[in-house]
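Contents: one structure, followed by commentary.
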Amino acid sequence: VDRLPPAVMHERAQAFFDLMNTRRTMRFYSSDEPPTGVIEACVATAGTSPSGAHHQPWFFAIVRSLELKKQIRVLVEEEERVNYERRMRKSWVNDLSSMTGTNADKRLKTEDGAPQKPYLTEAPAVIALFKQTHGVDKEGNRVDNYYVNESCGIAAGMLIAALHNVGLATLTSTPMGAEVTIRELLGRPDTEKLFLLMPVGYPAADAT
């Protein structure tokens with residue numbers, strides 16, 4: 001591969017920083033559909049990420065069905081209530097207060113203070129990123145994967161950058177407690193574990 005001239009390197013580095021520095025995590029989305037194939041191309045970009053032994057231990061499920069998104073939202077909100085009441089340390093809850101606590105956008109809580117996840121149904125698509133704990137070859141033998149969390153984390157970062165590059169927003173959500181049920185809902189095998197839920201779409205006009 002030919003080396004770029006230093007001036008071009010500086011220009012590209014600054015331009016990419018300027019682009020990524022405008023990225024923001026969004027919790028409210030327009031229902032407008034992105035052009036056909038754009039999200040798929042961004043997922044393909046994520047698939048170019050490096051991975052342990054190049055096993056690519058991930059699966060990206062793009063969920064567009066409103067019914068499936070509603071079921072996912074119900075599952076996540078039910079577990080999130082338990083997370084805030086019992087599973088999460090008080091310091092963790094306090095650190096999230098600006099986003100989900102008393103100072104948060106009122107649309108993110110019910111009247112009794114339970115967390116709400118409107119982005120899971122408002123966004124036109126939700127990407128479920130699964131990590132593959134191990135694979136299975138054609139003969140049914142186990143194939144070990146390596147550095148699975150690191151590999152999937154890098155792939156998620158590449159996906160975020162690719163989506164931002166085309167003007168789409170996302171949010172990285174870790175649905176603690178709902179992973180198994182969502183995996184089963186989406187028909188994924190038990191060799192996979194839900195790593196992230198990522199709503200994808202244009203930001204709403206009043207997005208925060």
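Naming scheme: A, B, ... for chains in displayed order of the structure tokens; residues 1 onward per chain; ligands 1 onward as shown.
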Using DSSP on the backbone, list every residue of range 59-207 of chain A that comes out as strand (DSSP E), and give them as a PyMOL selection string. chain A and resi 59-63+125-132+134-136+142-144+169-170+192-201
Handout entry: Every residue of range 105-137 of chain A that DSSP places in helix (DSSP H, G or I), as a VMD selection string
Key = chain A and resid 106 to 108 119 to 122
Hey, can you spit out that residue selection with C-alpha atoms as a PDB file, in the first residue's frame?
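What landed in again_6.pdb:
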ATOM      1  CA  LYS A 106     -38.946  12.978  31.983  1.00  0.00           C
ATOM      2  CA  ARG A 107     -39.680  10.792  28.972  1.00  0.00           C
ATOM      3  CA  LEU A 108     -37.191   8.233  30.280  1.00  0.00           C
ATOM      4  CA  TYR A 119     -35.677   4.260  21.818  1.00  0.00           C
ATOM      5  CA  LEU A 120     -36.160   0.498  21.599  1.00  0.00           C
ATOM      6  CA  THR A 121     -39.469   1.003  19.778  1.00  0.00           C
ATOM      7  CA  GLU A 122     -39.064   4.487  18.270  1.00  0.00           C
TER       8      GLU A 122
END
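When only C-alpha atoms are used to compute distances to Leu185 in chain A, the closest of the residues A:Val43, A:Leu68, A:Ala156, A:Val166 turns out to be A:Leu68.
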Practice task
Might you pull out every residue within 7 Å of Phe130 in chain A, with only C-alpha atoms counted and same-chain residues fewer than 3 positions away left off, and present them as a PyMOL selection string?
Solution key: chain A and resi 58-60+192-195
Keeping all heavy atoms for every residue in the selection just given, could you write it to a file as a PDB file, in the first residue's frame?
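As a result, part05.pdb now contains:
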ATOM      1  N   TRP A  58     -18.845 -12.902  16.445  1.00  0.00           N
ATOM      2  CA  TRP A  58     -19.990 -12.018  16.626  1.00  0.00           C
ATOM      3  C   TRP A  58     -21.103 -12.367  15.646  1.00  0.00           C
ATOM      4  O   TRP A  58     -20.897 -13.033  14.632  1.00  0.00           O
ATOM      5  CB  TRP A  58     -19.572 -10.560  16.447  1.00  0.00           C
ATOM      6  CG  TRP A  58     -18.792 -10.303  15.171  1.00  0.00           C
ATOM      7  CD1 TRP A  58     -19.211 -10.463  13.870  1.00  0.00           C
ATOM      8  CD2 TRP A  58     -17.434  -9.863  15.085  1.00  0.00           C
ATOM      9  NE1 TRP A  58     -18.205 -10.138  12.981  1.00  0.00           N
ATOM     10  CE2 TRP A  58     -17.102  -9.765  13.699  1.00  0.00           C
ATOM     11  CE3 TRP A  58     -16.466  -9.520  16.028  1.00  0.00           C
ATOM     12  CZ2 TRP A  58     -15.837  -9.352  13.254  1.00  0.00           C
ATOM     13  CZ3 TRP A  58     -15.206  -9.110  15.580  1.00  0.00           C
ATOM     14  CH2 TRP A  58     -14.907  -9.027  14.215  1.00  0.00           C
ATOM     15  N   PHE A  59     -22.282 -11.924  15.990  1.00  0.00           N
ATOM     16  CA  PHE A  59     -23.427 -11.990  15.070  1.00  0.00           C
ATOM     17  C   PHE A  59     -24.249 -10.731  15.279  1.00  0.00           C
ATOM     18  O   PHE A  59     -24.565 -10.361  16.415  1.00  0.00           O
ATOM     19  CB  PHE A  59     -24.296 -13.229  15.333  1.00  0.00           C
ATOM     20  CG  PHE A  59     -25.417 -13.384  14.340  1.00  0.00           C
ATOM     21  CD1 PHE A  59     -25.224 -14.061  13.151  1.00  0.00           C
ATOM     22  CD2 PHE A  59     -26.666 -12.819  14.588  1.00  0.00           C
ATOM     23  CE1 PHE A  59     -26.258 -14.179  12.222  1.00  0.00           C
ATOM     24  CE2 PHE A  59     -27.696 -12.928  13.664  1.00  0.00           C
ATOM     25  CZ  PHE A  59     -27.490 -13.619  12.478  1.00  0.00           C
ATOM     26  N   PHE A  60     -24.578 -10.056  14.180  1.00  0.00           N
ATOM     27  CA  PHE A  60     -25.383  -8.840  14.227  1.00  0.00           C
ATOM     28  C   PHE A  60     -26.785  -9.164  13.713  1.00  0.00           C
ATOM     29  O   PHE A  60     -26.951  -9.567  12.557  1.00  0.00           O
ATOM     30  CB  PHE A  60     -24.778  -7.740  13.349  1.00  0.00           C
ATOM     31  CG  PHE A  60     -23.437  -7.253  13.804  1.00  0.00           C
ATOM     32  CD1 PHE A  60     -22.263  -7.891  13.401  1.00  0.00           C
ATOM     33  CD2 PHE A  60     -23.328  -6.133  14.624  1.00  0.00           C
ATOM     34  CE1 PHE A  60     -21.014  -7.432  13.814  1.00  0.00           C
ATOM     35  CE2 PHE A  60     -22.087  -5.669  15.042  1.00  0.00           C
ATOM     36  CZ  PHE A  60     -20.936  -6.321  14.637  1.00  0.00           C
ATOM     37  N   GLU A 192     -24.253 -18.313  21.867  1.00  0.00           N
ATOM     38  CA  GLU A 192     -24.146 -16.859  21.770  1.00  0.00           C
ATOM     39  C   GLU A 192     -24.737 -16.198  23.008  1.00  0.00           C
ATOM     40  O   GLU A 192     -25.634 -16.748  23.651  1.00  0.00           O
ATOM     41  CB  GLU A 192     -24.873 -16.338  20.523  1.00  0.00           C
ATOM     42  CG  GLU A 192     -24.280 -16.846  19.226  1.00  0.00           C
ATOM     43  CD  GLU A 192     -24.992 -16.332  17.992  1.00  0.00           C
ATOM     44  OE1 GLU A 192     -25.997 -15.604  18.131  1.00  0.00           O
ATOM     45  OE2 GLU A 192     -24.547 -16.663  16.878  1.00  0.00           O
ATOM     46  N   LYS A 193     -24.224 -15.019  23.322  1.00  0.00           N
ATOM     47  CA  LYS A 193     -24.757 -14.226  24.419  1.00  0.00           C
ATOM     48  C   LYS A 193     -24.927 -12.798  23.935  1.00  0.00           C
ATOM     49  O   LYS A 193     -24.047 -12.247  23.256  1.00  0.00           O
ATOM     50  CB  LYS A 193     -23.812 -14.258  25.626  1.00  0.00           C
ATOM     51  CG  LYS A 193     -24.352 -13.487  26.827  1.00  0.00           C
ATOM     52  CD  LYS A 193     -23.446 -13.620  28.036  1.00  0.00           C
ATOM     53  CE  LYS A 193     -24.015 -12.843  29.230  1.00  0.00           C
ATOM     54  NZ  LYS A 193     -23.144 -12.958  30.429  1.00  0.00           N
ATOM     55  N   LEU A 194     -26.051 -12.188  24.287  1.00  0.00           N
ATOM     56  CA  LEU A 194     -26.306 -10.817  23.870  1.00  0.00           C
ATOM     57  C   LEU A 194     -25.268  -9.887  24.486  1.00  0.00           C
ATOM     58  O   LEU A 194     -25.109  -9.838  25.701  1.00  0.00           O
ATOM     59  CB  LEU A 194     -27.718 -10.395  24.267  1.00  0.00           C
ATOM     60  CG  LEU A 194     -28.167  -9.021  23.783  1.00  0.00           C
ATOM     61  CD1 LEU A 194     -28.134  -8.925  22.266  1.00  0.00           C
ATOM     62  CD2 LEU A 194     -29.574  -8.718  24.289  1.00  0.00           C
ATOM     63  N   PHE A 195     -24.582  -9.151  23.648  1.00  0.00           N
ATOM     64  CA  PHE A 195     -23.504  -8.258  24.077  1.00  0.00           C
ATOM     65  C   PHE A 195     -23.998  -6.825  24.187  1.00  0.00           C
ATOM     66  O   PHE A 195     -23.748  -6.147  25.185  1.00  0.00           O
ATOM     67  CB  PHE A 195     -22.356  -8.350  23.079  1.00  0.00           C
ATOM     68  CG  PHE A 195     -21.096  -7.633  23.471  1.00  0.00           C
ATOM     69  CD1 PHE A 195     -20.325  -8.093  24.523  1.00  0.00           C
ATOM     70  CD2 PHE A 195     -20.674  -6.507  22.777  1.00  0.00           C
ATOM     71  CE1 PHE A 195     -19.144  -7.437  24.885  1.00  0.00           C
ATOM     72  CE2 PHE A 195     -19.503  -5.856  23.122  1.00  0.00           C
ATOM     73  CZ  PHE A 195     -18.734  -6.319  24.185  1.00  0.00           C
TER      74      PHE A 195
END
Would you give me, as a tab-separated table, each residue of range 43-67 of chain A having an atom within 12 Å of an atom of range 71-77 of chain A, along with its shortest atom pair and that distance in Å to one decimal, using only C-alpha atoms and sorting by chain and residue number?
residue	atom	partner	partner_atom	distance
A:Val63	CA	A:Ile72	CA	9.9
A:Arg64	CA	A:Ile72	CA	11.6
A:Ser65	CA	A:Gln71	CA	10.0
A:Leu66	CA	A:Gln71	CA	8.6
A:Glu67	CA	A:Gln71	CA	6.3
TODO: Write out as a list of chain:residue names which residues come within 10 Å of range 137-144 of chain A when counting only C-alpha atoms, dropping same-chain ones fewer than 5 positions away.
DONE: A:Ala53, A:His55, A:Pro57, A:Gln132, A:Thr191
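Proximity to Pro189 in chain A was assessed for A:Leu168, A:Val136, A:Met176, A:Cys152 counting only C-alpha atoms; the smallest distance is recorded for A:Val136.
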Between CA of Met26 in chain A and CA of Gln14 in chain A lies a distance of 24.1 Å
Nearest to Val200 in chain A, restricted to only C-alpha atoms and choosing among A:Asn149, A:Thr110, A:Thr172, A:Thr22, comes out as A:Thr172
Restricting to only C-alpha atoms, whichever of A:Asn165, A:Thr25, A:Ser173, A:Asn145 is closest to Ile127 in chain A is A:Ser173
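Counting from CA of Thr174 in chain A, the distance to CA of Leu19 in chain A is 25.7 Å.
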